[in-house]
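A.B. asks: Before I ask anything, let me first share the structure, which is written out below as structure tokens.
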Protein chains: 2
Amino acid sequence: MHAVSHPEQNKSRSAADIDEFAFIERIRRKAGQRPSSAEALSSEATLSKGIGDDAAVIRQHDGRDTVITTDMLVEDVDFRREQTEPRLLGHKALAVSLSDIAAMGARPRWALMSIGVPQQIWDSDFVEELYEGIFELADRFDVKLIGGDLSLAPEKIVIDCAVLGECSTGNAIMRSGAKPGDRLYVTGSLGASAAGWRLLERGARLENKGEADSETRAVNELLLRNLRPEARVGWGLVMGRERLATAMIDLSDGLSSDLHHLCQESLVGAVVNAEQLPIDPLLIRVCGRRALDPLMLALHGGEDFELLCAIPPEKAARLPKKVDGVPISCIGEIKEATDGIQVAEGPRVWRLDAGGWEHFRREG
Amino acid sequence: MHAVSHPEQNKSRSAADIDEFAFIERIRRKAGQRPSSAEALSSEATLSKGIGDDAAVIRQHDGRDTVITTDMLVEDVDFRREQTEPRLLGHKALAVSLSDIAAMGARPRWALMSIGVPQQIWDSDFVEELYEGIFELADRFDVKLIGGDLSLAPEKIVIDCAVLGECSTGNAIMRSGAKPGDRLYVTGSLGASAAGWRLLERGARLENKGEADSETRAVNELLLRNLRPEARVGWGLVMGRERLATAMIDLSDGLSSDLHHLCQESLVGAVVNAEQLPIDPLLIRVCGRRALDPLMLALHGGEDFELLCAIPPEKAARLPKKVDGVPISCIGEIKEATDGIQVAEGPRVWRLDAGGWEHFRREG
């Protein structure tokens, strides 16, 4: 559940991008939403967190909370039909919402898919293959598809995926709990999805031939990082169960933007150590000759769907090295709000702007 | 939560309409969904009903069930921008899902709205007015907006609304419990929404002038029945709390189609008495000179969002006359499956086909 779709993909859009957070703030005020902690629970399930986090939390009364999120993918904004395959698209539509549930430290349990497709898509195998992609991923995490809506749409495909998850009462990890002194961690690696997206936009396409050379395989893998991203469900469960993180968010908009969101909700600042960023090795290998800057992709590229979290130093020793084969890296530290959000790159310290990708893209 | 959007509105579509139910059956099989009754509940919340009803039911463990539905409205399929107003559209997007929750006999509690809009819509007051319509209706039923997604879309507006509700454990009313001998009841009146839609398609527009004559006011009211439908939340609560209905569905596709859905899930037939149908008085008044047939509109017109339910004769006396000012009418009886689904109109008895609207429309 993020406010607007991946701004780095709105390349055909005007510069007047949606000011999502101002708008969400306005909605939040209008909705008269309570702040994040849920006191005064009524005799019925109670909303404990609404608009402004990765997912909303509904407090049940048997020791569990229900966590719910919804994400919409729109053709030619979030994906292009000619760049992907229906199975991959189905996978991604679900993965994006699974990632939000993981970012709450909850276990995904149920999904509802609303799908709008033009008539000619309906008349093909597209929707069935799309569902195959959905079911394949859902089965992997034992998520049940319990409903949705299937509709004709005039020209463009649209997919909205709601996922419900569960966690123990009060164990949902918000964006708002980070404290100065907490270490900043990120799962997996950064930048590969954004690199893949750039290559797609330059015309690269998936190669399904087995005998491809290592260069082709590397490009293929980058494209798949964008077209078939993985949600860090296992890491989310560990974080939630062990109460390791004080704040967590998934990287959908890009590290720079999402770190800003986390800091904004937690009322803190942060410093990121450029040398510690787990830049994807594939990316380093492929970027050079393609005039892509790995550091910029890691900082500003969107759709990594890794988890970014704040962890108190005394809990860092309890972190597993890997979950489901995916490592975790310390990339910096939470600071006071007055310190702002900065990157330390060797002797240089510079301010990390959210949406730096926009700037980067105009240069790049 | 219905499988495809209102087929009567897909007037620009080819005849090869989406065969929603065959498809949903295929998905249901693929999903390995259990049948409706939830035995063998695990220690966690359990799915008790999935695809194929108005909403899915998740069994909690503190005496309550969570009910969830999602509905997508797509521009130029479900609505036309030039026929409506943003506030009305927001109202309708929420009302459609509230109606599904009502049809389960549950209380709506929370909503998530995913909204995709083109840039020029974003740059106007449209989205804010849309939210005003959403909040106005949500407040009326104490429903909290807890999240969603706001996205750019290439050309057409799309709105997907998920609503979560609650009911006592086991009290959710499925489509599948009707028994031969049950009486068939419908809330409110029929046909006005479909008449309104027809008038809109013929070019009628809302008149906001106060001094309109009675004819103009009647047309206005019909248009509003389509553009700002009411969900029968109060009736749904009564049905769920008192366990009055053995089966229930909301009228989104039209009485003929939705009665078929109910009978199909309950493995029964039915007879509808044409004379007992609560045809909307407005419609009788306006239809004559406009070559609209009130009976056909009442039988086949979609988007009434009234509740259709099966009630055992011994419980009929416990039915309140009105809820929130809305009456209820006995319109027929549940029969054996072998009797099929029929209409008794004076001495004539004829078979009621689902999707008769299609046929009707071609004639009309």
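Just remember, in the structure tokens the first chain shown is A, the second B, etc., residues are 1-based per chain, and ligands are 1-based in the order shown.
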What's the 10 Å shell around Gly63 in chain B, counting only C-alpha atoms, without same-chain residues fewer than 6 positions away, as a list in words?
C.D. replies: His61 and Asp62 of chain A; Cys167, Ser168, Thr169 and Gly170 of chain B
A.B. asks: Can you pull out the residues contacting Cys330 in chain B? Cut-off 12 Å, using only C-alpha atoms, and skip same-chain residues under 2 positions away; I want them as a PyMOL selection string.
C.D. replies: chain B and resi 182-189+271-278+307-313+316-317+319+321+327-328+332-334
A.B. asks: Which of these residues is nearest to chain B, using only C-alpha atoms: A:Ser329, A:Gln342, A:Ser151, A:Gln83?
C.D. replies: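 The answer is A:Ser151, which sits nearest to chain B.
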A.B. asks: Return chain B as a CSV table (one decimal) with C-alpha atoms, in the first residue's frame, after superposing it on chain A by a least-squares fit that covers all C-alpha atoms paired in order.
C.D. replies:
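Below is the file that was written, part.csv:
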```csv
chain,number,residue,atom,x,y,z
B,1,MET,CA,0.0,0.0,0.0
B,2,HIS,CA,1.8,3.1,-1.2
B,3,ALA,CA,0.2,6.3,-2.1
B,4,VAL,CA,1.1,6.5,-5.8
B,5,SER,CA,2.5,4.0,-8.2
B,6,HIS,CA,6.2,4.0,-8.6
B,7,PRO,CA,7.0,7.5,-9.8
B,8,GLU,CA,10.1,6.4,-11.7
B,9,GLN,CA,7.9,4.5,-14.0
B,10,ASN,CA,5.7,7.5,-14.9
B,11,LYS,CA,8.2,8.5,-17.5
B,12,SER,CA,5.5,9.6,-19.9
B,13,ARG,CA,4.0,11.9,-17.3
B,14,SER,CA,4.3,15.6,-16.9
B,15,ALA,CA,6.6,17.0,-14.2
B,16,ALA,CA,3.6,17.8,-12.1
B,17,ASP,CA,3.8,14.4,-10.3
B,18,ILE,CA,1.2,13.5,-7.8
B,19,ASP,CA,2.0,14.9,-4.4
B,20,GLU,CA,0.9,11.8,-2.7
B,21,PHE,CA,1.9,12.5,0.8
B,22,ALA,CA,0.3,15.9,1.1
B,23,PHE,CA,-2.8,14.3,-0.3
B,24,ILE,CA,-2.7,11.3,2.0
B,25,GLU,CA,-2.3,13.7,5.0
B,26,ARG,CA,-5.4,15.6,3.8
B,27,ILE,CA,-7.3,12.3,3.6
B,28,ARG,CA,-6.0,11.2,6.9
B,29,ARG,CA,-7.2,14.4,8.5
B,30,LYS,CA,-10.6,14.2,6.8
B,31,ALA,CA,-11.0,10.6,7.9
B,32,GLY,CA,-10.4,11.7,11.5
B,33,GLN,CA,-8.0,8.9,11.9
B,34,ARG,CA,-6.6,8.3,15.3
B,35,PRO,CA,-2.8,8.1,15.8
B,36,SER,CA,-1.0,4.8,15.5
B,37,SER,CA,-1.4,3.3,19.0
B,38,ALA,CA,-4.9,1.9,19.7
B,39,GLU,CA,-6.1,2.8,23.1
B,40,ALA,CA,-9.7,2.4,24.2
B,41,LEU,CA,-10.4,-0.7,22.3
B,42,SER,CA,-14.1,-1.3,22.0
B,43,SER,CA,-15.8,-4.6,22.3
B,44,GLU,CA,-15.4,-5.1,18.6
B,45,ALA,CA,-12.3,-5.2,16.4
B,46,THR,CA,-10.7,-1.8,16.3
B,47,LEU,CA,-8.6,0.0,13.8
B,48,SER,CA,-5.2,0.5,15.3
B,49,LYS,CA,-3.4,2.0,12.2
B,50,GLY,CA,-4.8,3.4,9.0
B,51,ILE,CA,-3.6,5.5,6.1
B,52,GLY,CA,0.1,6.2,6.0
B,53,ASP,CA,1.7,2.9,6.7
B,54,ASP,CA,2.4,-0.1,4.5
B,55,ALA,CA,-0.8,-1.7,5.7
B,56,ALA,CA,-3.7,-1.0,8.1
B,57,VAL,CA,-4.0,-2.9,11.3
B,58,ILE,CA,-7.3,-4.1,12.8
B,59,ARG,CA,-7.1,-5.3,16.3
B,60,GLN,CA,-8.9,-8.6,16.9
B,61,HIS,CA,-9.7,-9.9,20.4
B,62,ASP,CA,-8.1,-13.3,20.5
B,63,GLY,CA,-4.5,-12.3,20.6
B,64,ARG,CA,-4.2,-11.5,16.9
B,65,ASP,CA,-4.2,-8.5,14.7
B,66,THR,CA,-5.4,-8.4,11.1
B,67,VAL,CA,-3.2,-6.5,8.7
B,68,ILE,CA,-4.6,-5.4,5.3
B,69,THR,CA,-3.1,-3.7,2.3
B,70,THR,CA,-4.1,-3.0,-1.3
B,71,ASP,CA,-2.0,-2.1,-4.4
B,72,MET,CA,-3.1,-1.3,-7.9
B,73,LEU,CA,-1.0,-1.9,-11.0
B,74,VAL,CA,-2.1,0.0,-14.1
B,75,GLU,CA,-0.9,-0.8,-17.6
B,76,ASP,CA,1.5,1.8,-19.1
B,77,VAL,CA,2.1,3.3,-15.7
B,78,ASP,CA,3.3,0.3,-13.7
B,79,PHE,CA,4.0,-2.1,-16.5
B,80,ARG,CA,3.9,-2.4,-20.2
B,81,ARG,CA,2.1,-5.4,-21.8
B,82,GLU,CA,4.9,-5.9,-24.4
B,83,GLN,CA,7.6,-6.0,-21.8
B,84,THR,CA,6.2,-8.7,-19.6
B,85,GLU,CA,4.3,-12.0,-19.6
B,86,PRO,CA,0.9,-12.7,-18.0
B,87,ARG,CA,2.4,-15.1,-15.4
B,88,LEU,CA,5.0,-12.6,-14.4
B,89,LEU,CA,2.4,-9.9,-14.2
B,90,GLY,CA,0.2,-12.1,-11.9
B,91,HIS,CA,3.2,-12.8,-9.8
B,92,LYS,CA,4.1,-9.2,-9.5
B,93,ALA,CA,0.6,-8.0,-8.7
B,94,LEU,CA,0.5,-10.3,-5.7
B,95,ALA,CA,4.1,-9.8,-4.7
B,96,VAL,CA,3.7,-6.1,-4.3
B,97,SER,CA,1.0,-6.5,-1.7
B,98,LEU,CA,2.8,-9.5,0.0
B,99,SER,CA,5.7,-7.1,0.4
B,100,ASP,CA,3.5,-4.6,2.3
B,101,ILE,CA,2.4,-7.4,4.7
B,102,ALA,CA,6.0,-8.5,5.2
B,103,ALA,CA,6.9,-4.9,6.0
B,104,MET,CA,4.4,-5.0,8.9
B,105,GLY,CA,6.1,-8.1,10.3
B,106,ALA,CA,2.9,-10.1,9.6
B,107,ARG,CA,2.1,-13.4,7.9
B,108,PRO,CA,0.1,-13.1,4.6
B,109,ARG,CA,-3.0,-15.3,4.7
B,110,TRP,CA,-5.6,-14.2,2.1
B,111,ALA,CA,-5.8,-12.3,-1.2
B,112,LEU,CA,-8.5,-10.7,-3.3
B,113,MET,CA,-7.7,-9.8,-6.9
B,114,SER,CA,-9.7,-7.2,-8.8
B,115,ILE,CA,-8.8,-7.4,-12.5
B,116,GLY,CA,-10.0,-5.3,-15.4
B,117,VAL,CA,-9.1,-6.3,-18.9
B,118,PRO,CA,-10.0,-5.2,-22.5
B,119,GLN,CA,-12.1,-7.6,-24.5
B,120,GLN,CA,-9.3,-8.9,-26.7
B,121,ILE,CA,-7.3,-9.8,-23.6
B,122,TRP,CA,-10.3,-11.6,-22.2
B,123,ASP,CA,-10.6,-13.6,-25.5
B,124,SER,CA,-7.0,-14.9,-25.1
B,125,ASP,CA,-5.3,-17.0,-22.5
B,126,PHE,CA,-3.9,-14.0,-20.8
B,127,VAL,CA,-6.2,-13.9,-17.7
B,128,GLU,CA,-5.8,-17.6,-17.1
B,129,GLU,CA,-2.0,-17.4,-17.3
B,130,LEU,CA,-2.1,-14.3,-15.1
B,131,TYR,CA,-4.0,-16.4,-12.5
B,132,GLU,CA,-1.4,-19.2,-12.8
B,133,GLY,CA,1.3,-16.7,-11.8
B,134,ILE,CA,-0.9,-15.5,-8.9
B,135,PHE,CA,-1.6,-19.1,-7.7
B,136,GLU,CA,2.0,-20.2,-8.0
B,137,LEU,CA,3.2,-17.4,-5.7
B,138,ALA,CA,0.2,-17.7,-3.4
B,139,ASP,CA,0.8,-21.4,-2.9
B,140,ARG,CA,4.4,-20.8,-2.1
B,141,PHE,CA,3.4,-18.8,1.0
B,142,ASP,CA,0.1,-20.7,1.7
B,143,VAL,CA,-1.9,-17.6,0.8
B,144,LYS,CA,-5.5,-18.3,-0.2
B,145,LEU,CA,-7.2,-16.4,-3.0
B,146,ILE,CA,-10.6,-15.7,-1.5
B,147,GLY,CA,-12.3,-13.4,-3.9
B,148,GLY,CA,-12.1,-10.4,-6.1
B,149,ASP,CA,-13.7,-8.9,-9.2
B,150,LEU,CA,-13.3,-9.5,-12.9
B,151,SER,CA,-14.3,-6.7,-15.1
B,152,LEU,CA,-14.0,-5.5,-18.7
B,153,ALA,CA,-11.9,-2.4,-19.1
B,154,PRO,CA,-11.9,-0.1,-22.2
B,155,GLU,CA,-8.2,-0.4,-23.2
B,156,LYS,CA,-5.7,-0.9,-20.5
B,157,ILE,CA,-5.3,-3.7,-18.0
B,158,VAL,CA,-5.7,-2.8,-14.3
B,159,ILE,CA,-5.0,-5.2,-11.4
B,160,ASP,CA,-5.8,-4.3,-7.8
B,161,CYS,CA,-4.6,-6.8,-5.2
B,162,ALA,CA,-5.7,-6.7,-1.5
B,163,VAL,CA,-3.9,-9.0,0.9
B,164,LEU,CA,-4.8,-9.7,4.5
B,165,GLY,CA,-2.3,-11.0,7.0
B,166,GLU,CA,-2.1,-11.8,10.6
B,167,CYS,CA,0.3,-11.1,13.5
B,168,SER,CA,0.2,-11.4,17.3
B,169,THR,CA,-1.6,-8.4,18.9
B,170,GLY,CA,0.6,-5.4,19.0
B,171,ASN,CA,3.4,-7.0,17.0
B,172,ALA,CA,2.8,-5.2,13.8
B,173,ILE,CA,5.8,-3.1,12.9
B,174,MET,CA,4.9,0.4,11.9
B,175,ARG,CA,7.0,3.0,10.1
B,176,SER,CA,6.9,5.2,13.2
B,177,GLY,CA,8.9,3.5,15.9
B,178,ALA,CA,12.6,4.2,14.9
B,179,LYS,CA,14.8,5.9,17.5
B,180,PRO,CA,18.1,7.7,17.2
B,181,GLY,CA,20.9,5.2,17.7
B,182,ASP,CA,19.0,2.3,16.0
B,183,ARG,CA,20.9,0.7,13.2
B,184,LEU,CA,19.5,0.8,9.7
B,185,TYR,CA,19.3,-2.6,7.9
B,186,VAL,CA,18.2,-3.7,4.5
B,187,THR,CA,17.5,-7.2,3.3
B,188,GLY,CA,18.8,-8.6,0.0
B,189,SER,CA,20.4,-6.4,-2.5
B,190,LEU,CA,19.6,-3.0,-4.1
B,191,GLY,CA,19.2,-1.6,-7.6
B,192,ALA,CA,18.6,-4.6,-9.7
B,193,SER,CA,14.9,-3.9,-10.3
B,194,ALA,CA,15.5,-0.4,-11.4
B,195,ALA,CA,18.3,-1.4,-13.7
B,196,GLY,CA,16.0,-4.0,-15.2
B,197,TRP,CA,13.4,-1.4,-15.7
B,198,ARG,CA,15.8,0.8,-17.5
B,199,LEU,CA,16.9,-2.0,-19.7
B,200,LEU,CA,13.3,-2.8,-20.5
B,201,GLU,CA,12.6,0.8,-21.4
B,202,ARG,CA,15.7,0.7,-23.7
B,203,GLY,CA,14.2,-2.2,-25.5
B,204,ALA,CA,15.7,-5.2,-23.8
B,205,ARG,CA,13.4,-8.2,-23.7
B,206,LEU,CA,13.4,-11.5,-21.8
B,207,GLU,CA,15.3,-14.3,-23.6
B,208,ASN,CA,13.9,-17.7,-23.0
B,209,LYS,CA,16.7,-19.5,-24.9
B,210,GLY,CA,18.7,-21.9,-22.6
B,211,GLU,CA,22.0,-21.5,-24.4
B,212,ALA,CA,22.3,-17.8,-23.9
B,213,ASP,CA,25.8,-16.4,-23.0
B,214,SER,CA,26.6,-15.1,-19.5
B,215,GLU,CA,26.0,-11.5,-20.5
B,216,THR,CA,22.5,-12.3,-21.8
B,217,ARG,CA,21.8,-14.3,-18.7
B,218,ALA,CA,22.8,-11.4,-16.5
B,219,VAL,CA,20.5,-9.0,-18.4
B,220,ASN,CA,17.7,-11.5,-18.3
B,221,GLU,CA,18.1,-11.8,-14.5
B,222,LEU,CA,18.0,-8.0,-14.1
B,223,LEU,CA,14.8,-7.9,-16.2
B,224,LEU,CA,13.3,-10.6,-14.0
B,225,ARG,CA,14.1,-8.7,-10.9
B,226,ASN,CA,11.8,-6.0,-12.1
B,227,LEU,CA,9.2,-8.2,-13.8
B,228,ARG,CA,9.0,-10.9,-11.1
B,229,PRO,CA,10.1,-9.3,-7.8
B,230,GLU,CA,10.3,-11.3,-4.6
B,231,ALA,CA,8.5,-10.2,-1.4
B,232,ARG,CA,10.6,-10.8,1.8
B,233,VAL,CA,7.8,-12.7,3.5
B,234,GLY,CA,10.3,-14.8,5.6
B,235,TRP,CA,12.2,-11.8,6.8
B,236,GLY,CA,9.0,-10.1,7.7
B,237,LEU,CA,7.9,-13.0,9.8
B,238,VAL,CA,11.2,-13.1,11.7
B,239,MET,CA,11.1,-9.4,12.4
B,240,GLY,CA,7.5,-9.6,13.6
B,241,ARG,CA,7.9,-12.7,15.7
B,242,GLU,CA,11.2,-11.7,17.4
B,243,ARG,CA,10.2,-8.0,17.8
B,244,LEU,CA,13.6,-7.1,16.3
B,245,ALA,CA,12.7,-3.9,14.4
B,246,THR,CA,11.4,-0.7,15.8
B,247,ALA,CA,10.3,0.5,12.4
B,248,MET,CA,10.0,-1.1,9.0
B,249,ILE,CA,9.0,-0.3,5.4
B,250,ASP,CA,9.4,-2.1,2.1
B,251,LEU,CA,11.4,-0.5,-0.7
B,252,SER,CA,8.8,0.2,-3.4
B,253,ASP,CA,9.5,3.8,-4.2
B,254,GLY,CA,13.3,3.5,-3.7
B,255,LEU,CA,15.6,3.6,-0.8
B,256,SER,CA,15.8,7.4,-0.7
B,257,SER,CA,12.1,7.9,-0.8
B,258,ASP,CA,11.2,5.1,1.5
B,259,LEU,CA,13.8,6.1,4.0
B,260,HIS,CA,12.2,9.6,4.0
B,261,HIS,CA,8.8,8.0,4.7
B,262,LEU,CA,10.2,6.0,7.6
B,263,CYS,CA,12.0,9.0,9.1
B,264,GLN,CA,9.0,11.2,8.6
B,265,GLU,CA,6.7,8.8,10.4
B,266,SER,CA,9.3,8.2,13.2
B,267,LEU,CA,10.3,11.9,13.5
B,268,VAL,CA,14.0,11.1,13.1
B,269,GLY,CA,16.9,11.6,10.7
B,270,ALA,CA,19.4,9.0,9.3
B,271,VAL,CA,22.8,8.5,7.8
B,272,VAL,CA,23.4,5.9,5.1
B,273,ASN,CA,26.9,4.6,4.5
B,274,ALA,CA,27.4,4.3,0.8
B,275,GLU,CA,30.1,1.7,1.2
B,276,GLN,CA,27.8,-0.6,3.1
B,277,LEU,CA,25.0,-0.6,0.5
B,278,PRO,CA,24.4,-4.1,-0.8
B,279,ILE,CA,24.5,-3.1,-4.4
B,280,ASP,CA,23.5,-6.1,-6.5
B,281,PRO,CA,26.5,-7.7,-8.1
B,282,LEU,CA,24.6,-8.3,-11.3
B,283,LEU,CA,24.2,-4.6,-11.6
B,284,ILE,CA,27.8,-3.8,-11.2
B,285,ARG,CA,28.6,-6.3,-13.9
B,286,VAL,CA,26.1,-5.0,-16.4
B,287,CYS,CA,26.0,-1.3,-15.6
B,288,GLY,CA,29.4,-0.1,-16.7
B,289,ARG,CA,29.0,-0.4,-20.5
B,290,ARG,CA,25.4,0.8,-20.3
B,291,ALA,CA,26.1,4.2,-18.6
B,292,LEU,CA,24.1,3.2,-15.5
B,293,ASP,CA,25.3,4.3,-12.1
B,294,PRO,CA,25.0,1.4,-9.6
B,295,LEU,CA,25.1,3.7,-6.5
B,296,MET,CA,22.3,5.9,-7.9
B,297,LEU,CA,20.2,2.9,-8.8
B,298,ALA,CA,20.7,1.5,-5.3
B,299,LEU,CA,19.7,4.8,-3.7
B,300,HIS,CA,16.9,5.9,-5.9
B,301,GLY,CA,15.8,3.0,-7.9
B,302,GLY,CA,12.3,1.7,-7.1
B,303,GLU,CA,10.7,-1.7,-6.7
B,304,ASP,CA,13.5,-3.6,-4.9
B,305,PHE,CA,10.8,-4.8,-2.5
B,306,GLU,CA,13.5,-5.3,0.1
B,307,LEU,CA,12.7,-4.5,3.7
B,308,LEU,CA,14.3,-1.5,5.3
B,309,CYS,CA,14.3,-1.5,9.1
B,310,ALA,CA,15.6,0.2,12.2
B,311,ILE,CA,17.0,-2.2,14.8
B,312,PRO,CA,18.3,-1.2,18.2
B,313,PRO,CA,22.0,-2.1,18.6
B,314,GLU,CA,21.4,-4.5,21.5
B,315,LYS,CA,19.1,-6.6,19.3
B,316,ALA,CA,21.4,-6.7,16.3
B,317,ALA,CA,23.2,-9.8,17.6
B,318,ARG,CA,19.9,-11.7,17.4
B,319,LEU,CA,19.5,-11.1,13.7
B,320,PRO,CA,19.9,-14.3,11.7
B,321,LYS,CA,22.5,-14.1,9.0
B,322,LYS,CA,20.1,-15.2,6.3
B,323,VAL,CA,16.4,-16.0,6.0
B,324,ASP,CA,15.3,-18.1,3.0
B,325,GLY,CA,18.8,-17.6,1.7
B,326,VAL,CA,18.5,-13.8,1.7
B,327,PRO,CA,21.1,-11.9,3.7
B,328,ILE,CA,20.7,-8.6,5.6
B,329,SER,CA,23.1,-5.7,5.7
B,330,CYS,CA,23.6,-2.8,8.1
B,331,ILE,CA,23.7,0.3,5.9
B,332,GLY,CA,23.6,3.1,8.4
B,333,GLU,CA,22.1,4.6,11.5
B,334,ILE,CA,19.0,6.5,12.7
B,335,LYS,CA,19.9,10.0,13.8
B,336,GLU,CA,18.0,12.9,15.3
B,337,ALA,CA,15.5,14.6,13.1
B,338,THR,CA,17.6,17.8,13.1
B,339,ASP,CA,20.5,15.8,11.5
B,340,GLY,CA,18.4,15.3,8.4
B,341,ILE,CA,18.9,12.3,6.0
B,342,GLN,CA,22.4,12.0,4.7
B,343,VAL,CA,24.7,9.8,2.8
B,344,ALA,CA,28.3,9.3,3.9
B,345,GLU,CA,30.5,8.4,0.9
B,346,GLY,CA,34.1,8.2,2.0
B,347,PRO,CA,35.0,11.6,3.4
B,348,ARG,CA,32.0,13.2,1.7
B,349,VAL,CA,28.7,13.6,3.5
B,350,TRP,CA,25.8,14.8,1.4
B,351,ARG,CA,22.0,15.2,1.8
B,352,LEU,CA,19.9,12.4,0.5
B,353,ASP,CA,16.8,13.9,-1.2
B,354,ALA,CA,13.7,11.8,-1.6
B,355,GLY,CA,12.7,11.5,-5.2
B,356,GLY,CA,16.3,11.9,-6.2
B,357,TRP,CA,15.5,9.5,-8.9
B,358,GLU,CA,13.6,12.2,-10.7
B,359,HIS,CA,16.7,14.3,-10.8
B,360,PHE,CA,18.9,11.3,-11.6
B,361,ARG,CA,16.6,10.3,-14.4
B,362,ARG,CA,16.7,13.7,-16.0
B,363,GLU,CA,20.5,13.6,-15.9
B,364,GLY,CA,20.8,9.9,-16.8
```
A.B. asks: Could you give me the residues within range 175-270 of chain B that DSSP places in strand (DSSP E), as a PyMOL selection string?
C.D. replies: chain B and resi 183-187+247-250+268-270
A.B. asks: How would you write, as a PyMOL selection string, the set of residues in range 157-325 of chain A that DSSP gives as helix (DSSP H, G or I)?
C.D. replies: chain A and resi 192-201+214-227+233-242+255-266+274-276+281-290+294-300+313-316
